[in-house]
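Trainee: Just passing along the structure, written as structure tokens.
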Amino acid sequence: MDVDLELEDSDNEETITAQSVLAKLEEAWMNEKFSPEILPHRTEIVDCMLEQIHQMEENLNKLKKSDFRVVIHRMELDRIRYIITSYLRSRLEKIELYTSHILEMESKRPVEERYLSPAEYKFAQEHQSHLENHFETVVLRHMPYNIRTLDKATMSVAPNLFSQVFLRANKTVNGVIVETGVEGAEEEVELDGNSQHIIQYKAIAELVKSGSVQLI
Amino acid sequence: MPLLRSYTPHYFSIDDIMATQERLPCKFEVDVLRLGEYCRNQAKIIMSNTTALKVAKKSFLDPSSDDEDIKTGTTLELPYWLARALCNRNRSIVSVNIPRIYKEAYREILKAEASVVDLHRLCVYFYEFGSYLSGFNHRDSTEIGNLLVQCFKDRFRLIMDWAQNSSGDTSGSGRGAGSDPTARLDNLERGLLITGRSSWEALEAWLSQGGGRPIGPANMVVNHQKRQLANASVS
Amino acid sequence: MMDPAEVEFIAEKQMVEIVPNFNFDRVYLISGEIGPFRAGLPVKVPIWMAINLRQRQKCRILVPDWMDVEKLEQAKEDESASRYFTKMPSEHYMAEAQLILSACGEDVPRADEIRTALKDLWDMRMSKLRSSVDTFIKTGGTHARLDHLTLMEMNSVRPLLPHALDQLHRLSTVRFVFSPLVNSSSCFDMHISILYYCFWC
């Protein structure tokens, strides 16, 4: 029943434990929940955990039903499954809300640096074309000739990057610029290690993606 | 729990559409010809009852006038979206005036006692419309912008108190039974109150029921199950 | 956004000591090793597991040190004396207390007094939070530091506080008619083109 993984991280050949992958999954889940925009996908973590769950279930099937560990392990699996589905659901929600905008941003990024996983990208494209067909058949067909086109630029819904979020700084970060919105004025803020703040998302977006801060 | 976004206007936002429908007084700087002609043709196409034909004889934008044209100097109340299209960098067919509720007199009242004013009665979309108004290059624009910010800050305490009032009793401000103070809120404030109150009620429920309750199913899952059920019963 | 049940979900990962009435070797969870279990000897397990074992009558939960009436009274005094938020004995003090007391309240001596002390502490901090939030909004609210605030307390002002701040930011950013509106419901030029179209048809 040893669930210690020996995953080779292609970057630095450390062995990563299932425990640390789970911790990363939880961080990704929280970040995705509270971030207004869609974040880079962590499919490798999700796939790894799904594999873990699968292995654990196979092991559990070999145990006797009366073994007290069965209940405990199943509870843990349910918990992990919940985090995974909640994470994926947050992402899907954002893809559905901001389809046009996300696809536009993705087209500007090289394929390896895409924020959407291949499956999500396909979903986004299909969703976009469904929406366009729907508008076409229900509305646009019946409109006068010169306003029959969809102007994607004005119609794309973008997330509000100035939304306020709560965060915890994982390490000290200096020089965070916050736009106060009054005549374009700016404020500089320091985030000490382990401190908690409420701040506009735009100022710390890069820090979230790099792991320097955690949204809570 | 689903993504809960704060209100941000976008193309499909109904609140934004409604807010830009609010009217403001505009003075025509030039003659605008033939809108009466247009009206008669258009009325026949769009509407098909006798009332419409009566309206068709009058000017499209100015129902009270019998002229075919709109003369320079005429003041009409136009919706914001039209006023903005007619008064911008490219065109100055009209010049806009600020509605009286954003003028000096009302501004002074709001600065003094923002929390008792009935914003809903003044204008349902007070903040949104005001925000759009302050975008016109009018001498009062900055004042209006500042007013909105100040008003919001002054009234926020009210919203927070009402949202976190666990007994749900909203007549606590002593205005007598039956009067609902939340009816005095503008649309934006009301949105905040509703979301604030529902999250507070969830917290109160949790505090009183104790720990260990299961997390409810997501809306997406519930809707999916409902759809499956509906499909199964149809087929 | 998060509802209280989800905050509790996170709090359930915290460790608590139990005294099992059975023997078992180490259990290798995905989230780490637990055990071994020796009847009568305390062992640390996550709260979610502790509650499950207690429900199945397999253990006794040991109330954490900080969940003690005198210590909580002291915490209340410290909180009252300080202008800012003091550090709580646990990052999830309210959620942990709710969970543990619900699961085994009858085993805990002076459970009601503990509950009362906790509620007083919670109310004190929430009241402080309310006035801080009000001051924060009144002074312009661009950024604030919230050390020692627990997740459940932070969640109590969600989404009201972040949304109100968002609106304040939006209202402070004046839209000039001479610059193109990006996020706007109606396409103004489209309305004009409808009018033009109708003129010429």
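So you can find residues: chains in the structure tokens are A, B, ... in the order shown, residues in each start at 1, and ligands are numbered from 1 in order.
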Using only C-alpha atoms, what table do you get, as a tab-separated table, when you list each residue of segment 20-115 of chain A with an atom no more than 9 Å from segment 2-25 of chain C, its nearest pair of atoms, and their distance in Å rounded to one decimal, rows by chain then rising number?
Mentor:
residue	atom	partner	partner_atom	distance
A:Lys33	CA	C:Met2	CA	8.3
A:Phe34	CA	C:Met2	CA	8.9
A:Arg79	CA	C:Phe9	CA	8.6
Trainee: Taking only C-alpha atoms into account, which residues of chain C are within 6 Å of chain A, as a list in words?
Mentor: Ile30, Ser31, Gly32, His143, Ala144, Arg145, Leu146, Asp147, Pro162, Asp166, Ser172 and Thr173 of chain C
Trainee: Once you count only C-alpha atoms, which residues of chain B turn out to be within 7 Å of chain A? Could you give them as a list in words?
Mentor: Leu3, Thr8, His10 and Tyr11 of chain B
Trainee: Using the selection just defined, write its residues with N, CA and C atoms as a compact mmCIF listing (two decimals), in the first residue's frame.
Mentor:
# COMPACT_ATOMS: atom_id res chain seq x y z
N LEU B 3 -18.40 30.80 -9.82
CA LEU B 3 -17.70 32.06 -9.96
C LEU B 3 -18.70 33.20 -9.78
N THR B 8 -19.64 44.14 -13.90
CA THR B 8 -18.80 44.86 -14.87
C THR B 8 -19.60 44.95 -16.15
N HIS B 10 -20.65 44.86 -19.87
CA HIS B 10 -20.10 44.27 -21.09
C HIS B 10 -21.21 44.25 -22.12
N TYR B 11 -20.91 43.73 -23.27
CA TYR B 11 -21.83 43.80 -24.39
C TYR B 11 -23.21 43.25 -24.06
Trainee: When you draw a straight line from atom CA of Glu51 of chain A to atom CA of Asp67 of chain A, how long is it in Å?
Mentor: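 Atom CA of Glu51 of chain A sits 23.0 Å away from atom CA of Asp67 of chain A.
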Trainee: Please indicate the distance in Å from atom CA of Asn31 of chain A to atom CA of Gln214 of chain A, rounded to one decimal place.
Mentor: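 Value for the atom CA of Asn31 of chain A-atom CA of Gln214 of chain A distance: 6.5 Å.
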